[in-house]
file model.pdb (PDB, C-alpha atoms)
MODEL        1
ATOM      1  CA  MET A 144      15.855 -11.244 -28.737  1.00  0.00           C
ATOM      2  CA  SER A 145      15.561 -13.888 -31.446  1.00  0.00           C
ATOM      3  CA  GLU A 146      17.644 -14.026 -34.604  1.00  0.00           C
ATOM      4  CA  PRO A 147      16.085 -12.131 -37.515  1.00  0.00           C
ATOM      5  CA  LYS A 148      14.890 -14.241 -40.427  1.00  0.00           C
ATOM      6  CA  PRO A 149      17.257 -14.229 -43.386  1.00  0.00           C
ATOM      7  CA  LYS A 150      16.243 -11.963 -46.232  1.00  0.00           C
ATOM      8  CA  LYS A 151      14.656 -13.544 -49.278  1.00  0.00           C
ATOM      9  CA  ALA A 152      17.014 -13.622 -52.268  1.00  0.00           C
ATOM     10  CA  PHE A 153      15.738 -13.612 -55.840  1.00  0.00           C
ATOM     11  CA  ALA A 154      16.948 -12.788 -59.333  1.00  0.00           C
ATOM     12  CA  LEU A 155      15.641  -9.611 -60.908  1.00  0.00           C
ATOM     13  CA  ARG A 156      15.787  -8.824 -64.610  1.00  0.00           C
ATOM     14  CA  ILE A 157      15.880  -5.082 -65.088  1.00  0.00           C
ATOM     15  CA  GLU A 158      16.480  -2.718 -67.984  1.00  0.00           C
ATOM     16  CA  PRO A 159      19.943  -1.131 -67.972  1.00  0.00           C
ATOM     17  CA  SER A 160      18.543   2.421 -67.959  1.00  0.00           C
ATOM     18  CA  LEU A 161      16.399   1.640 -64.896  1.00  0.00           C
ATOM     19  CA  TRP A 162      19.399   0.038 -63.165  1.00  0.00           C
ATOM     20  CA  ASP A 163      21.461   3.159 -63.871  1.00  0.00           C
ATOM     21  CA  ALA A 164      18.740   5.354 -62.365  1.00  0.00           C
ATOM     22  CA  LEU A 165      18.584   3.111 -59.285  1.00  0.00           C
ATOM     23  CA  GLU A 166      22.359   3.331 -58.860  1.00  0.00           C
ATOM     24  CA  ARG A 167      22.223   7.126 -59.034  1.00  0.00           C
ATOM     25  CA  ALA A 168      19.328   7.325 -56.553  1.00  0.00           C
ATOM     26  CA  ALA A 169      21.061   4.898 -54.182  1.00  0.00           C
ATOM     27  CA  ALA A 170      24.316   6.869 -54.301  1.00  0.00           C
ATOM     28  CA  ALA A 171      22.455  10.112 -53.607  1.00  0.00           C
ATOM     29  CA  ASP A 172      20.846   8.516 -50.536  1.00  0.00           C
ATOM     30  CA  LEU A 173      24.085   6.769 -49.443  1.00  0.00           C
ATOM     31  CA  ARG A 174      22.438   3.350 -49.818  1.00  0.00           C
ATOM     32  CA  SER A 175      23.153   0.160 -51.695  1.00  0.00           C
ATOM     33  CA  VAL A 176      20.994  -0.498 -54.745  1.00  0.00           C
ATOM     34  CA  ASN A 177      19.316  -3.330 -52.810  1.00  0.00           C
ATOM     35  CA  ALA A 178      18.450  -0.999 -49.912  1.00  0.00           C
ATOM     36  CA  GLU A 179      17.199   1.622 -52.371  1.00  0.00           C
ATOM     37  CA  ILE A 180      14.891  -0.916 -54.047  1.00  0.00           C
ATOM     38  CA  GLU A 181      13.540  -2.012 -50.644  1.00  0.00           C
ATOM     39  CA  CYS A 182      12.922   1.624 -49.667  1.00  0.00           C
ATOM     40  CA  LEU A 183      11.160   2.418 -52.947  1.00  0.00           C
ATOM     41  CA  LEU A 184       8.993  -0.700 -52.680  1.00  0.00           C
ATOM     42  CA  ARG A 185       7.981   0.178 -49.106  1.00  0.00           C
ATOM     43  CA  GLU A 186       7.102   3.731 -50.157  1.00  0.00           C
ATOM     44  CA  ALA A 187       5.082   2.544 -53.163  1.00  0.00           C
ATOM     45  CA  LEU A 188       3.184  -0.069 -51.147  1.00  0.00           C
ATOM     46  CA  GLY A 189       2.519   2.480 -48.397  1.00  0.00           C
ATOM     47  CA  ARG A 190       0.987   4.871 -50.953  1.00  0.00           C
ATOM     48  CA  ARG A 191      -1.312   2.033 -52.050  1.00  0.00           C
ATOM     49  CA  GLY A 192      -2.406   1.470 -48.467  1.00  0.00           C
ATOM     50  CA  VAL A 193      -0.604  -1.854 -48.057  1.00  0.00           C
ATOM     51  CA  LYS A 194       0.496  -2.256 -44.457  1.00  0.00           C
ATOM     52  CA  ILE A 195       3.960  -3.684 -43.931  1.00  0.00           C
ATOM     53  CA  ASP A 196       5.673  -4.583 -40.673  1.00  0.00           C
ATOM     54  CA  ALA A 197       8.642  -2.401 -39.847  1.00  0.00           C
ATOM     55  CA  PRO A 198      11.917  -3.938 -40.998  1.00  0.00           C
ATOM     56  CA  GLU A 199      13.739  -6.006 -38.390  1.00  0.00           C
ATOM     57  CA  GLN A 200      16.665  -4.195 -36.845  1.00  0.00           C
ATOM     58  CA  ARG A 201      19.832  -6.033 -37.736  1.00  0.00           C
ATOM     59  CA  LYS A 202      23.112  -5.708 -35.881  1.00  0.00           C
ATOM     60  CA  ARG A 203      25.597  -3.527 -37.708  1.00  0.00           C
ATOM     61  CA  GLY A 204      29.345  -3.857 -37.828  1.00  0.00           C
ATOM     62  CA  ARG A 205      31.643  -6.795 -37.541  1.00  0.00           C
ATOM     63  CA  PRO A 206      30.691  -9.903 -35.604  1.00  0.00           C
ATOM     64  CA  PRO A 207      32.362 -10.359 -32.202  1.00  0.00           C
ATOM     65  CA  GLY A 208      35.812 -11.974 -32.354  1.00  0.00           C
ATOM     66  CA  SER A 209      36.472 -11.025 -35.985  1.00  0.00           C
ATOM     67  CA  ASN A 210      39.522  -8.833 -35.146  1.00  0.00           C
TER      68      ASN A 210
ENDMDL
END
call {"tool": "encode", "arguments": {"input": "model.pdb", "output": "structure tokens"}}
result
Amino acid sequence: MSEPKPKKAFALRIEPSLWDALERAAAADLRSVNAEIECLLREALGRRGVKIDAPEQRKRGRPPGSN
């Protein structure tokens, strides 16, 4: 299996009230705000009929030898 491509990083300017709502939604779903934004974007694009590849499965946990 090949290494997954690194995620694209970018700055996002967002209104404080929208950020607060994202934080609340993320906490309710036990996600980070970043993961919540990705989920919401995928859902919105799916409703518009935009096809997106499934997200790459990334290894979870600590890297080997980090004990």
call {"tool": "resolve_selection", "arguments": {"input": "model.pdb", "expression": "the PyMOL selection byres ((chain A and resi 198) around 12)", "output": "ChimeraX atom specification"}}
result
/A:147-150,178,181-182,185,195-197,199-201
call {"tool": "closest_residue", "arguments": {"input": "model.pdb", "among": "A:Pro207, A:Val193, A:Leu161, A:Glu146", "to": "Ile180 in chain A", "atoms": "only C-alpha atoms"}}
result
A:Leu161
call {"tool": "residues_around", "arguments": {"input": "model.pdb", "residues": "Ala154 in chain A", "least_positions_apart": "3", "cutoff": "12 Å", "atoms": "all atoms listed in the file", "output": "PyMOL selection string"}}
result
chain A and resi 151+157+177
call {"tool": "write_last_selection", "arguments": {"input": "model.pdb", "atoms": "C-alpha atoms", "output": "short mmCIF file (atom, residue, chain, number, x, y, z; two decimals), keeping the file's coordinate frame"}}
result
data_model
loop_
_atom_site.label_atom_id
_atom_site.label_comp_id
_atom_site.auth_asym_id
_atom_site.auth_seq_id
_atom_site.Cartn_x
_atom_site.Cartn_y
_atom_site.Cartn_z
CA LYS A 151 14.66 -13.54 -49.28
CA ILE A 157 15.88 -5.08 -65.09
CA ASN A 177 19.32 -3.33 -52.81
#
call {"tool": "closest_residue", "arguments": {"input": "model.pdb", "among": "A:Gly189, A:Val176, A:Lys194, A:Ala152", "to": "Ala164 in chain A", "atoms": "only C-alpha atoms"}}
result
A:Val176
call {"tool": "atom_distance", "arguments": {"input": "model.pdb", "atom1": "CA of Phe153 in chain A", "atom2": "CA of Leu165 in chain A"}}
result
17.3 Å
call {"tool": "residues_around", "arguments": {"input": "model.pdb", "residues": "Glu179 in chain A", "least_positions_apart": "5", "cutoff": "12 Å", "atoms": "all atoms listed in the file", "output": "PyMOL selection string"}}
result
chain A and resi 162+164-174+184-186
